[in-house]
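Shown below: my_file-v7.txt, with compact mmCIF, N, CA and C atoms.
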```
# COMPACT_ATOMS: atom_id res chain seq x y z
N MET N 1 102.52 93.60 113.13
CA MET N 1 102.76 94.99 113.43
C MET N 1 101.48 95.59 113.98
N ALA N 2 101.37 95.71 115.26
CA ALA N 2 100.17 96.27 115.85
C ALA N 2 100.27 97.78 115.98
N ARG N 3 101.45 98.28 116.19
CA ARG N 3 101.63 99.72 116.36
C ARG N 3 103.01 100.07 115.83
N SER N 4 103.04 101.09 115.01
CA SER N 4 104.30 101.49 114.38
C SER N 4 104.87 102.72 115.07
N ASN N 5 106.17 102.83 115.03
CA ASN N 5 106.84 104.04 115.52
C ASN N 5 107.15 105.00 114.38
N ALA N 6 106.66 104.69 113.18
CA ALA N 6 106.90 105.56 112.03
C ALA N 6 106.32 106.94 112.31
N THR N 7 107.01 107.96 111.85
CA THR N 7 106.55 109.33 112.09
C THR N 7 105.88 109.93 110.86
N THR N 8 105.97 109.25 109.72
CA THR N 8 105.29 109.73 108.52
C THR N 8 104.51 108.58 107.88
N VAL N 9 103.52 108.95 107.11
CA VAL N 9 102.72 107.95 106.41
C VAL N 9 103.60 107.15 105.45
N GLU N 10 104.50 107.83 104.77
CA GLU N 10 105.38 107.17 103.82
C GLU N 10 106.28 106.15 104.51
N ALA N 11 106.81 106.50 105.68
CA ALA N 11 107.66 105.57 106.43
C ALA N 11 106.84 104.38 106.93
N TYR N 12 105.62 104.64 107.35
CA TYR N 12 104.75 103.56 107.81
C TYR N 12 104.50 102.57 106.67
N LEU N 13 104.11 103.08 105.52
CA LEU N 13 103.84 102.20 104.38
C LEU N 13 105.09 101.44 103.95
N ALA N 14 106.23 102.11 103.96
CA ALA N 14 107.49 101.46 103.56
C ALA N 14 107.87 100.32 104.51
N SER N 15 107.40 100.38 105.75
CA SER N 15 107.75 99.35 106.73
C SER N 15 106.93 98.07 106.58
N LEU N 16 105.90 98.10 105.74
CA LEU N 16 104.99 96.96 105.60
C LEU N 16 105.48 95.96 104.56
N PRO N 17 105.10 94.69 104.69
CA PRO N 17 105.36 93.72 103.63
C PRO N 17 104.65 94.18 102.35
N PRO N 18 105.17 93.83 101.18
CA PRO N 18 104.62 94.32 99.92
C PRO N 18 103.11 94.10 99.73
N ASP N 19 102.59 92.95 100.13
CA ASP N 19 101.16 92.69 99.92
C ASP N 19 100.31 93.61 100.79
N ARG N 20 100.70 93.80 102.02
CA ARG N 20 99.96 94.70 102.91
C ARG N 20 100.12 96.16 102.48
N ARG N 21 101.32 96.52 102.06
CA ARG N 21 101.55 97.88 101.58
C ARG N 21 100.61 98.19 100.42
N ALA N 22 100.51 97.28 99.47
CA ALA N 22 99.65 97.50 98.31
C ALA N 22 98.18 97.63 98.72
N ALA N 23 97.74 96.77 99.63
CA ALA N 23 96.35 96.83 100.08
C ALA N 23 96.06 98.14 100.80
N LEU N 24 96.93 98.52 101.73
CA LEU N 24 96.69 99.75 102.47
C LEU N 24 96.82 100.99 101.59
N GLN N 25 97.70 100.95 100.61
CA GLN N 25 97.79 102.07 99.67
C GLN N 25 96.49 102.22 98.88
N ALA N 26 95.88 101.13 98.49
CA ALA N 26 94.61 101.18 97.75
C ALA N 26 93.49 101.75 98.62
N VAL N 27 93.42 101.30 99.87
CA VAL N 27 92.40 101.82 100.78
C VAL N 27 92.68 103.29 101.09
N ARG N 28 93.92 103.64 101.29
CA ARG N 28 94.30 105.04 101.54
C ARG N 28 93.87 105.93 100.39
N LYS N 29 94.08 105.46 99.17
CA LYS N 29 93.69 106.25 98.00
C LYS N 29 92.18 106.52 98.01
N VAL N 30 91.38 105.51 98.31
CA VAL N 30 89.93 105.68 98.37
C VAL N 30 89.54 106.65 99.48
N ILE N 31 90.19 106.52 100.63
CA ILE N 31 89.90 107.43 101.74
C ILE N 31 90.22 108.86 101.34
N LEU N 32 91.41 109.09 100.80
CA LEU N 32 91.80 110.45 100.43
C LEU N 32 90.89 111.04 99.35
N GLU N 33 90.44 110.20 98.42
CA GLU N 33 89.54 110.68 97.36
C GLU N 33 88.17 111.09 97.91
N ASN N 34 87.79 110.55 99.06
CA ASN N 34 86.47 110.80 99.62
C ASN N 34 86.49 111.62 100.91
N LEU N 35 87.66 111.96 101.39
CA LEU N 35 87.80 112.67 102.66
C LEU N 35 87.24 114.08 102.55
N PRO N 36 86.22 114.41 103.36
CA PRO N 36 85.67 115.77 103.29
C PRO N 36 86.69 116.83 103.71
N GLU N 37 86.44 118.03 103.31
CA GLU N 37 87.29 119.16 103.67
C GLU N 37 87.31 119.32 105.19
N GLY N 38 88.46 119.70 105.70
CA GLY N 38 88.59 119.95 107.13
C GLY N 38 89.23 118.82 107.90
N PHE N 39 89.46 117.68 107.25
CA PHE N 39 90.17 116.57 107.88
C PHE N 39 91.57 116.51 107.29
N GLU N 40 92.51 116.00 108.07
CA GLU N 40 93.89 115.87 107.62
C GLU N 40 94.39 114.45 107.86
N GLU N 41 95.32 114.03 107.02
CA GLU N 41 95.97 112.73 107.18
C GLU N 41 97.24 112.93 108.00
N GLU N 42 97.44 112.08 108.99
CA GLU N 42 98.66 112.12 109.79
C GLU N 42 98.85 110.78 110.48
N MET N 43 100.01 110.57 111.02
CA MET N 43 100.23 109.39 111.85
C MET N 43 99.58 109.63 113.20
N ALA N 44 98.81 108.64 113.65
CA ALA N 44 98.10 108.76 114.92
C ALA N 44 98.00 107.38 115.55
N PHE N 45 98.43 107.27 116.78
CA PHE N 45 98.34 106.01 117.52
C PHE N 45 98.99 104.85 116.75
N GLY N 46 100.10 105.14 116.05
CA GLY N 46 100.84 104.12 115.34
C GLY N 46 100.21 103.65 114.05
N MET N 47 99.22 104.40 113.55
CA MET N 47 98.53 104.07 112.30
C MET N 47 98.38 105.34 111.48
N ILE N 48 97.88 105.18 110.26
CA ILE N 48 97.55 106.34 109.45
C ILE N 48 96.19 106.84 109.94
N GLY N 49 96.13 108.09 110.35
CA GLY N 49 94.90 108.65 110.88
C GLY N 49 94.35 109.75 110.00
N TYR N 50 93.05 109.91 110.07
CA TYR N 50 92.34 110.97 109.35
C TYR N 50 91.59 111.74 110.42
N VAL N 51 92.04 112.96 110.68
CA VAL N 51 91.66 113.66 111.90
C VAL N 51 91.17 115.08 111.64
N VAL N 52 90.41 115.58 112.63
CA VAL N 52 90.14 117.01 112.72
C VAL N 52 91.33 117.57 113.49
N PRO N 53 92.11 118.45 112.90
CA PRO N 53 93.29 118.94 113.60
C PRO N 53 92.92 119.71 114.87
N LEU N 54 93.82 119.69 115.83
CA LEU N 54 93.58 120.41 117.09
C LEU N 54 93.37 121.90 116.87
N SER N 55 93.97 122.45 115.83
CA SER N 55 93.77 123.88 115.55
C SER N 55 92.32 124.18 115.21
N ALA N 56 91.58 123.19 114.71
CA ALA N 56 90.17 123.38 114.36
C ALA N 56 89.24 122.95 115.48
N TYR N 57 89.67 121.96 116.28
CA TYR N 57 88.84 121.45 117.37
C TYR N 57 89.75 120.95 118.49
N PRO N 58 90.07 121.82 119.46
CA PRO N 58 91.01 121.43 120.51
C PRO N 58 90.37 120.77 121.73
N LYS N 59 89.04 120.65 121.79
CA LYS N 59 88.36 120.20 123.01
C LYS N 59 88.20 118.68 123.10
N THR N 60 89.18 117.91 122.73
CA THR N 60 89.06 116.46 122.79
C THR N 60 89.37 115.96 124.20
N TYR N 61 88.83 114.81 124.54
CA TYR N 61 88.98 114.29 125.90
C TYR N 61 90.42 113.90 126.22
N ASN N 62 91.21 113.58 125.20
CA ASN N 62 92.57 113.09 125.44
C ASN N 62 93.65 114.03 124.93
N GLY N 63 93.27 115.20 124.44
CA GLY N 63 94.25 116.15 123.94
C GLY N 63 94.82 115.80 122.57
N GLN N 64 94.30 114.74 121.96
CA GLN N 64 94.74 114.32 120.63
C GLN N 64 93.73 114.81 119.59
N PRO N 65 94.16 114.95 118.33
CA PRO N 65 93.19 115.33 117.30
C PRO N 65 92.04 114.35 117.23
N LEU N 66 90.87 114.85 116.92
CA LEU N 66 89.66 114.05 116.84
C LEU N 66 89.73 113.17 115.60
N MET N 67 89.76 111.86 115.79
CA MET N 67 89.98 110.93 114.69
C MET N 67 88.67 110.46 114.06
N LEU N 68 88.53 110.70 112.77
CA LEU N 68 87.40 110.20 112.00
C LEU N 68 87.63 108.75 111.60
N ALA N 69 88.85 108.47 111.17
CA ALA N 69 89.18 107.13 110.66
C ALA N 69 90.67 106.88 110.83
N ALA N 70 91.02 105.60 110.78
CA ALA N 70 92.43 105.20 110.82
C ALA N 70 92.59 103.96 109.95
N LEU N 71 93.79 103.73 109.54
CA LEU N 71 94.12 102.62 108.66
C LEU N 71 95.39 101.98 109.19
N GLY N 72 95.35 100.68 109.44
CA GLY N 72 96.52 100.05 110.01
C GLY N 72 96.68 98.59 109.67
N SER N 73 97.89 98.12 109.90
CA SER N 73 98.24 96.72 109.72
C SER N 73 98.44 96.12 111.10
N GLN N 74 97.62 95.14 111.42
CA GLN N 74 97.71 94.47 112.72
C GLN N 74 98.41 93.12 112.53
N LYS N 75 98.57 92.38 113.59
CA LYS N 75 99.31 91.12 113.52
C LYS N 75 98.67 90.12 112.56
N HIS N 76 97.35 89.94 112.65
CA HIS N 76 96.68 88.91 111.85
C HIS N 76 95.74 89.46 110.77
N HIS N 77 95.65 90.76 110.67
CA HIS N 77 94.75 91.37 109.69
C HIS N 77 95.14 92.83 109.46
N MET N 78 94.48 93.44 108.51
CA MET N 78 94.55 94.88 108.32
C MET N 78 93.21 95.43 108.77
N ALA N 79 93.15 96.73 109.03
CA ALA N 79 91.90 97.28 109.52
C ALA N 79 91.73 98.74 109.12
N VAL N 80 90.47 99.07 108.89
CA VAL N 80 90.04 100.46 108.76
C VAL N 80 89.19 100.71 109.99
N TYR N 81 89.50 101.76 110.72
CA TYR N 81 88.72 102.12 111.90
C TYR N 81 87.85 103.31 111.51
N LEU N 82 86.55 103.12 111.53
CA LEU N 82 85.59 104.16 111.16
C LEU N 82 84.89 104.64 112.42
N MET N 83 85.41 105.67 113.02
CA MET N 83 84.85 106.15 114.28
C MET N 83 83.43 106.69 114.10
N SER N 84 83.10 107.14 112.92
CA SER N 84 81.76 107.68 112.68
C SER N 84 80.68 106.59 112.80
N ILE N 85 80.98 105.36 112.40
CA ILE N 85 79.95 104.31 112.52
C ILE N 85 79.83 103.83 113.96
N HIS N 86 80.85 104.10 114.76
CA HIS N 86 80.78 103.77 116.18
C HIS N 86 79.92 104.78 116.92
N GLY N 87 79.96 106.03 116.50
CA GLY N 87 79.29 107.09 117.23
C GLY N 87 77.91 107.46 116.73
N ASP N 88 77.45 106.89 115.63
CA ASP N 88 76.17 107.28 115.04
C ASP N 88 75.39 106.01 114.66
N ALA N 89 74.33 105.73 115.40
CA ALA N 89 73.57 104.48 115.20
C ALA N 89 72.96 104.40 113.80
N GLU N 90 72.46 105.51 113.28
CA GLU N 90 71.86 105.50 111.94
C GLU N 90 72.91 105.19 110.88
N LEU N 91 74.05 105.82 111.00
CA LEU N 91 75.14 105.57 110.06
C LEU N 91 75.61 104.12 110.17
N ARG N 92 75.66 103.60 111.37
CA ARG N 92 76.07 102.21 111.56
C ARG N 92 75.10 101.25 110.89
N ARG N 93 73.80 101.47 111.04
CA ARG N 93 72.80 100.60 110.39
C ARG N 93 72.96 100.65 108.87
N TRP N 94 73.14 101.85 108.34
CA TRP N 94 73.35 101.99 106.89
C TRP N 94 74.60 101.20 106.47
N PHE N 95 75.70 101.38 107.21
CA PHE N 95 76.96 100.74 106.86
C PHE N 95 76.83 99.22 106.89
N GLU N 96 76.26 98.69 107.95
CA GLU N 96 76.13 97.23 108.06
C GLU N 96 75.22 96.65 106.97
N ALA N 97 74.14 97.33 106.65
CA ALA N 97 73.24 96.86 105.58
C ALA N 97 73.96 96.89 104.24
N ALA N 98 74.69 97.96 103.97
CA ALA N 98 75.43 98.07 102.71
C ALA N 98 76.55 97.04 102.65
N TYR N 99 77.19 96.78 103.77
CA TYR N 99 78.26 95.79 103.81
C TYR N 99 77.70 94.41 103.47
N ARG N 100 76.59 94.04 104.13
CA ARG N 100 75.97 92.74 103.85
C ARG N 100 75.55 92.64 102.37
N ALA N 101 75.03 93.72 101.83
CA ALA N 101 74.59 93.73 100.43
C ALA N 101 75.77 93.58 99.47
N SER N 102 76.98 93.89 99.92
CA SER N 102 78.16 93.78 99.05
C SER N 102 78.51 92.33 98.76
N GLY N 103 78.02 91.40 99.60
CA GLY N 103 78.35 90.00 99.43
C GLY N 103 79.67 89.60 100.06
N LYS N 104 80.39 90.56 100.61
CA LYS N 104 81.66 90.26 101.28
C LYS N 104 81.38 89.81 102.70
N ARG N 105 82.27 88.98 103.23
CA ARG N 105 82.15 88.52 104.62
C ARG N 105 82.42 89.70 105.55
N MET N 106 81.44 90.01 106.38
CA MET N 106 81.56 91.16 107.26
C MET N 106 82.30 90.78 108.54
N ASP N 107 83.37 91.49 108.82
CA ASP N 107 84.15 91.31 110.04
C ASP N 107 84.34 92.70 110.63
N VAL N 108 83.34 93.13 111.41
CA VAL N 108 83.29 94.50 111.90
C VAL N 108 83.10 94.49 113.41
N GLY N 109 83.92 95.29 114.11
CA GLY N 109 83.74 95.52 115.53
C GLY N 109 83.00 96.83 115.72
N LYS N 110 83.22 97.49 116.84
CA LYS N 110 82.54 98.76 117.10
C LYS N 110 82.90 99.80 116.04
N SER N 111 84.16 99.93 115.73
CA SER N 111 84.58 100.85 114.67
C SER N 111 85.53 100.17 113.69
N CYS N 112 85.98 99.00 114.03
CA CYS N 112 87.03 98.30 113.28
C CYS N 112 86.44 97.44 112.17
N VAL N 113 86.91 97.67 110.95
CA VAL N 113 86.54 96.84 109.81
C VAL N 113 87.80 96.05 109.45
N ARG N 114 87.79 94.76 109.78
CA ARG N 114 88.98 93.92 109.59
C ARG N 114 88.94 93.23 108.22
N PHE N 115 90.13 93.10 107.61
CA PHE N 115 90.24 92.39 106.34
C PHE N 115 91.64 91.80 106.22
N ARG N 116 91.73 90.67 105.53
CA ARG N 116 93.02 90.00 105.36
C ARG N 116 93.62 90.26 103.98
N SER N 117 92.77 90.61 103.03
CA SER N 117 93.25 91.00 101.70
C SER N 117 92.30 92.05 101.16
N LEU N 118 92.75 92.77 100.18
CA LEU N 118 91.93 93.82 99.59
C LEU N 118 90.63 93.26 99.01
N GLU N 119 90.68 92.02 98.52
CA GLU N 119 89.50 91.38 97.94
C GLU N 119 88.41 91.13 98.99
N ASP N 120 88.79 91.09 100.26
CA ASP N 120 87.83 90.87 101.35
C ASP N 120 87.05 92.12 101.73
N LEU N 121 87.48 93.27 101.24
CA LEU N 121 86.94 94.55 101.69
C LEU N 121 86.10 95.22 100.61
N PRO N 122 84.87 95.65 100.94
CA PRO N 122 84.10 96.43 99.96
C PRO N 122 84.63 97.87 99.96
N ILE N 123 85.70 98.07 99.22
CA ILE N 123 86.47 99.30 99.28
C ILE N 123 85.64 100.54 98.90
N GLU N 124 84.70 100.37 97.97
CA GLU N 124 83.85 101.51 97.59
C GLU N 124 82.99 101.95 98.78
N LEU N 125 82.55 100.99 99.58
CA LEU N 125 81.75 101.30 100.76
C LEU N 125 82.56 102.10 101.77
N ILE N 126 83.83 101.79 101.90
CA ILE N 126 84.69 102.56 102.80
C ILE N 126 84.72 104.02 102.35
N GLY N 127 84.88 104.23 101.06
CA GLY N 127 84.87 105.59 100.52
C GLY N 127 83.55 106.29 100.79
N GLU N 128 82.44 105.58 100.59
CA GLU N 128 81.12 106.16 100.86
C GLU N 128 80.97 106.54 102.33
N ALA N 129 81.42 105.67 103.22
CA ALA N 129 81.31 105.94 104.65
C ALA N 129 82.13 107.18 105.04
N ILE N 130 83.31 107.31 104.46
CA ILE N 130 84.16 108.47 104.73
C ILE N 130 83.47 109.75 104.22
N ALA N 131 82.91 109.69 103.03
CA ALA N 131 82.30 110.87 102.41
C ALA N 131 81.03 111.32 103.11
N LYS N 132 80.35 110.43 103.81
CA LYS N 132 79.05 110.75 104.42
C LYS N 132 79.12 111.71 105.60
N VAL N 133 80.29 111.88 106.19
CA VAL N 133 80.37 112.66 107.43
C VAL N 133 81.35 113.83 107.25
N ASP N 134 80.77 115.04 107.12
CA ASP N 134 81.65 116.21 107.04
C ASP N 134 82.13 116.58 108.45
N ARG N 135 83.04 117.51 108.52
CA ARG N 135 83.67 117.86 109.80
C ARG N 135 82.64 118.34 110.82
N LYS N 136 81.73 119.20 110.41
CA LYS N 136 80.73 119.74 111.34
C LYS N 136 79.87 118.60 111.92
N ARG N 137 79.41 117.71 111.07
CA ARG N 137 78.60 116.58 111.55
C ARG N 137 79.41 115.67 112.46
N TYR N 138 80.66 115.42 112.11
CA TYR N 138 81.47 114.52 112.93
C TYR N 138 81.72 115.11 114.33
N ILE N 139 81.97 116.40 114.40
CA ILE N 139 82.15 117.04 115.70
C ILE N 139 80.86 116.92 116.51
N ALA N 140 79.70 117.08 115.87
CA ALA N 140 78.42 116.94 116.57
C ALA N 140 78.24 115.50 117.08
N ILE N 141 78.61 114.51 116.27
CA ILE N 141 78.54 113.11 116.70
C ILE N 141 79.44 112.90 117.92
N TYR N 142 80.65 113.42 117.85
CA TYR N 142 81.58 113.29 118.95
C TYR N 142 81.04 113.94 120.23
N GLU N 143 80.57 115.17 120.09
CA GLU N 143 80.07 115.88 121.27
C GLU N 143 78.86 115.18 121.88
N ALA N 144 77.98 114.64 121.06
CA ALA N 144 76.82 113.89 121.58
C ALA N 144 77.28 112.65 122.33
N SER N 145 78.35 112.00 121.87
CA SER N 145 78.83 110.79 122.54
C SER N 145 79.47 111.11 123.88
N ARG N 146 79.93 112.32 124.06
CA ARG N 146 80.60 112.72 125.30
C ARG N 146 79.63 113.34 126.30
N ALA N 147 78.38 113.59 125.87
CA ALA N 147 77.40 114.26 126.75
C ALA N 147 76.94 113.35 127.86
```
Would you write out, as structure tokens, the structure that this file holds?
Amino acid sequence: MARSNATTVEAYLASLPPDRRAALQAVRKVILENLPEGFEEEMAFGMIGYVVPLSAYPKTYNGQPLMLAALGSQKHHMAVYLMSIHGDAELRRWFEAAYRASGKRMDVGKSCVRFRSLEDLPIELIGEAIAKVDRKRYIAIYEASRA
């Protein structure tokens, strides 16, 4: 499942196999517990997205809400997409160092943190990464990347 047509988070999760549903529910819980004020959870690009709503920041390049993070089930793995580590070099260095220190095998792209099971993911680190960037800072990161 690379992209879902589900219109709600609940429908998206219900469409997943039980093992993936359980893993994504656990990661979702950590994200929601650490999500700074001003971000909202919604379906975005066929995944669960954590966004700055357009009502708060309408100046995005694609007319879509500004996405801080996303959570999805892909064909061969699950993934957390952390846009903040893609747009901020200092935050990325911190994240990669903390990931290596966790002892887990790091499988990270520009923003994509891939995992095949919940045991493969340093879930506490995902929560820390989410909590580190409030809405004001994230908008500044985004605007700097577009300059």
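The residue that comes closest to Gly127 (chain N), out of N:Ser145, N:Asn34, N:Glu96, N:Asn5 and on the basis of only N, CA and C atoms, is N:Asn34.
Computed from the coordinates, the atom C of Gly63 (chain N) to CA of Glu42 (chain N) distance equals 13.8 Å.
Candidate residues N:Ile85, N:Ala97, N:Asn62, N:Ala11 were compared for distance to Gly109 (chain N), and the nearest is N:Ile85, using only N, CA and C atoms.
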Could you pull out all residues of region 40-119 of chain N with a DSSP call of helix (DSSP H, G or I) and give them as a ChimeraX atom specification?
/N:83-87,89-101,118-119
Residue list (strand (DSSP E), DSSP) for chain N, as a ChimeraX atom specification:
/N:40-44,47-52,66-73,78-82,112-115
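Atom N of Ile139 (chain N) to CA of Val9 (chain N) spans 23.8 Å [interatomic distance, one decimal].
Rounded to one decimal, atom N of Ser84 (chain N) and atom N of Leu121 (chain N) lie 18.7 Å from each other.
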Can you list, as a VMD selection string, every protein, DNA or RNA residue that comes within 8 Å of Glu41 (chain N) when you count only N, CA and C atoms, leaving out same-chain residues fewer than 6 positions away?
chain N and resid 9 48 to 52
Dump as a list in words all residues having an atom at most 8 Å from (102.1, 101.5, 112.3), computed in the file's coordinates with all atoms listed in the file.
Met1, Ala2, Arg3, Ser4, Asn5, Ala6, Ala11, Tyr12, Leu13, Ala44, Phe45, Gly46, Met47, Ile48, Leu71, Gly72, Ser73 and Gln74 of chain N
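Between Ala129 (chain N) and the candidates N:Leu16, N:Phe95, N:Thr8, N:Tyr61, the tightest atom-to-atom separation, counting all atoms listed in the file, involves N:Phe95.
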Non-local contacts of His86 (chain N) (7 Å; only C-alpha atoms; under 3 positions in same chain excluded) as a PyMOL selection string
chain N and resi 82-83+92+110-111
Using only C-alpha atoms: which of N:Gly38, N:Pro122, N:Leu66, N:Thr60 has the shortest distance to Ala98 (chain N)
N:Pro122
Leaving out Glu128 (chain N) and any residue of its chain fewer than 4 positions from it, which residues lie within 8 Å of it when counting all atoms listed in the file, given as a PyMOL selection string?
chain N and resi 30-31+34+123-124+132-133
Extract region 76-96 of chain N from the preceding block and save N, CA and C atoms as an mmCIF file, in the first residue's frame.
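Below is the file result_9.cif, written as the result:
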```
data_model
loop_
_atom_site.group_PDB
_atom_site.id
_atom_site.type_symbol
_atom_site.label_atom_id
_atom_site.label_comp_id
_atom_site.auth_asym_id
_atom_site.auth_seq_id
_atom_site.Cartn_x
_atom_site.Cartn_y
_atom_site.Cartn_z
ATOM 1 N N HIS N 76 7.039 -2.250 0.968
ATOM 2 C CA HIS N 76 8.009 -3.113 1.641
ATOM 3 C C HIS N 76 8.409 -2.640 3.034
ATOM 4 N N HIS N 77 7.843 -1.552 3.487
ATOM 5 C CA HIS N 77 8.199 -1.018 4.799
ATOM 6 C C HIS N 77 7.124 -0.034 5.268
ATOM 7 N N MET N 78 7.276 0.406 6.491
ATOM 8 C CA MET N 78 6.489 1.517 7.011
ATOM 9 C C MET N 78 7.444 2.697 7.110
ATOM 10 N N ALA N 79 6.896 3.902 7.214
ATOM 11 C CA ALA N 79 7.775 5.064 7.246
ATOM 12 C C ALA N 79 7.161 6.208 8.036
ATOM 13 N N VAL N 80 8.056 6.936 8.680
ATOM 14 C CA VAL N 80 7.734 8.224 9.274
ATOM 15 C C VAL N 80 8.511 9.233 8.438
ATOM 16 N N TYR N 81 7.828 10.238 7.942
ATOM 17 C CA TYR N 81 8.473 11.282 7.159
ATOM 18 C C TYR N 81 8.601 12.504 8.061
ATOM 19 N N LEU N 82 9.822 12.892 8.365
ATOM 20 C CA LEU N 82 10.097 14.034 9.241
ATOM 21 C C LEU N 82 10.636 15.169 8.383
ATOM 22 N N MET N 83 9.760 16.031 7.940
ATOM 23 C CA MET N 83 10.171 17.113 7.056
ATOM 24 C C MET N 83 11.114 18.090 7.762
ATOM 25 N N SER N 84 11.029 18.182 9.058
ATOM 26 C CA SER N 84 11.899 19.112 9.787
ATOM 27 C C SER N 84 13.368 18.691 9.705
ATOM 28 N N ILE N 85 13.660 17.401 9.689
ATOM 29 C CA ILE N 85 15.074 16.987 9.594
ATOM 30 C C ILE N 85 15.591 17.151 8.177
ATOM 31 N N HIS N 86 14.687 17.234 7.218
ATOM 32 C CA HIS N 86 15.090 17.486 5.838
ATOM 33 C C HIS N 86 15.447 18.958 5.646
ATOM 34 N N GLY N 87 14.740 19.838 6.345
ATOM 35 C CA GLY N 87 14.906 21.263 6.121
ATOM 36 C C GLY N 87 15.854 21.977 7.063
ATOM 37 N N ASP N 88 16.383 21.294 8.072
ATOM 38 C CA ASP N 88 17.229 21.951 9.071
ATOM 39 C C ASP N 88 18.464 21.079 9.322
ATOM 40 N N ALA N 89 19.616 21.549 8.866
ATOM 41 C CA ALA N 89 20.849 20.747 8.947
ATOM 42 C C ALA N 89 21.235 20.439 10.392
ATOM 43 N N GLU N 90 21.067 21.391 11.293
ATOM 44 C CA GLU N 90 21.419 21.160 12.701
ATOM 45 C C GLU N 90 20.518 20.089 13.309
ATOM 46 N N LEU N 91 19.246 20.179 13.038
ATOM 47 C CA LEU N 91 18.302 19.182 13.546
ATOM 48 C C LEU N 91 18.608 17.810 12.945
ATOM 49 N N ARG N 92 18.976 17.779 11.685
ATOM 50 C CA ARG N 92 19.322 16.509 11.043
ATOM 51 C C ARG N 92 20.540 15.875 11.698
ATOM 52 N N ARG N 93 21.582 16.659 11.972
ATOM 53 C CA ARG N 93 22.783 16.118 12.635
ATOM 54 C C ARG N 93 22.423 15.548 14.011
ATOM 55 N N TRP N 94 21.610 16.292 14.761
ATOM 56 C CA TRP N 94 21.180 15.803 16.076
ATOM 57 C C TRP N 94 20.426 14.480 15.920
ATOM 58 N N PHE N 95 19.486 14.430 14.966
ATOM 59 C CA PHE N 95 18.658 13.247 14.775
ATOM 60 C C PHE N 95 19.510 12.037 14.404
ATOM 61 N N GLU N 96 20.408 12.205 13.449
ATOM 62 C CA GLU N 96 21.239 11.080 13.009
ATOM 63 C C GLU N 96 22.161 10.590 14.125
#
```
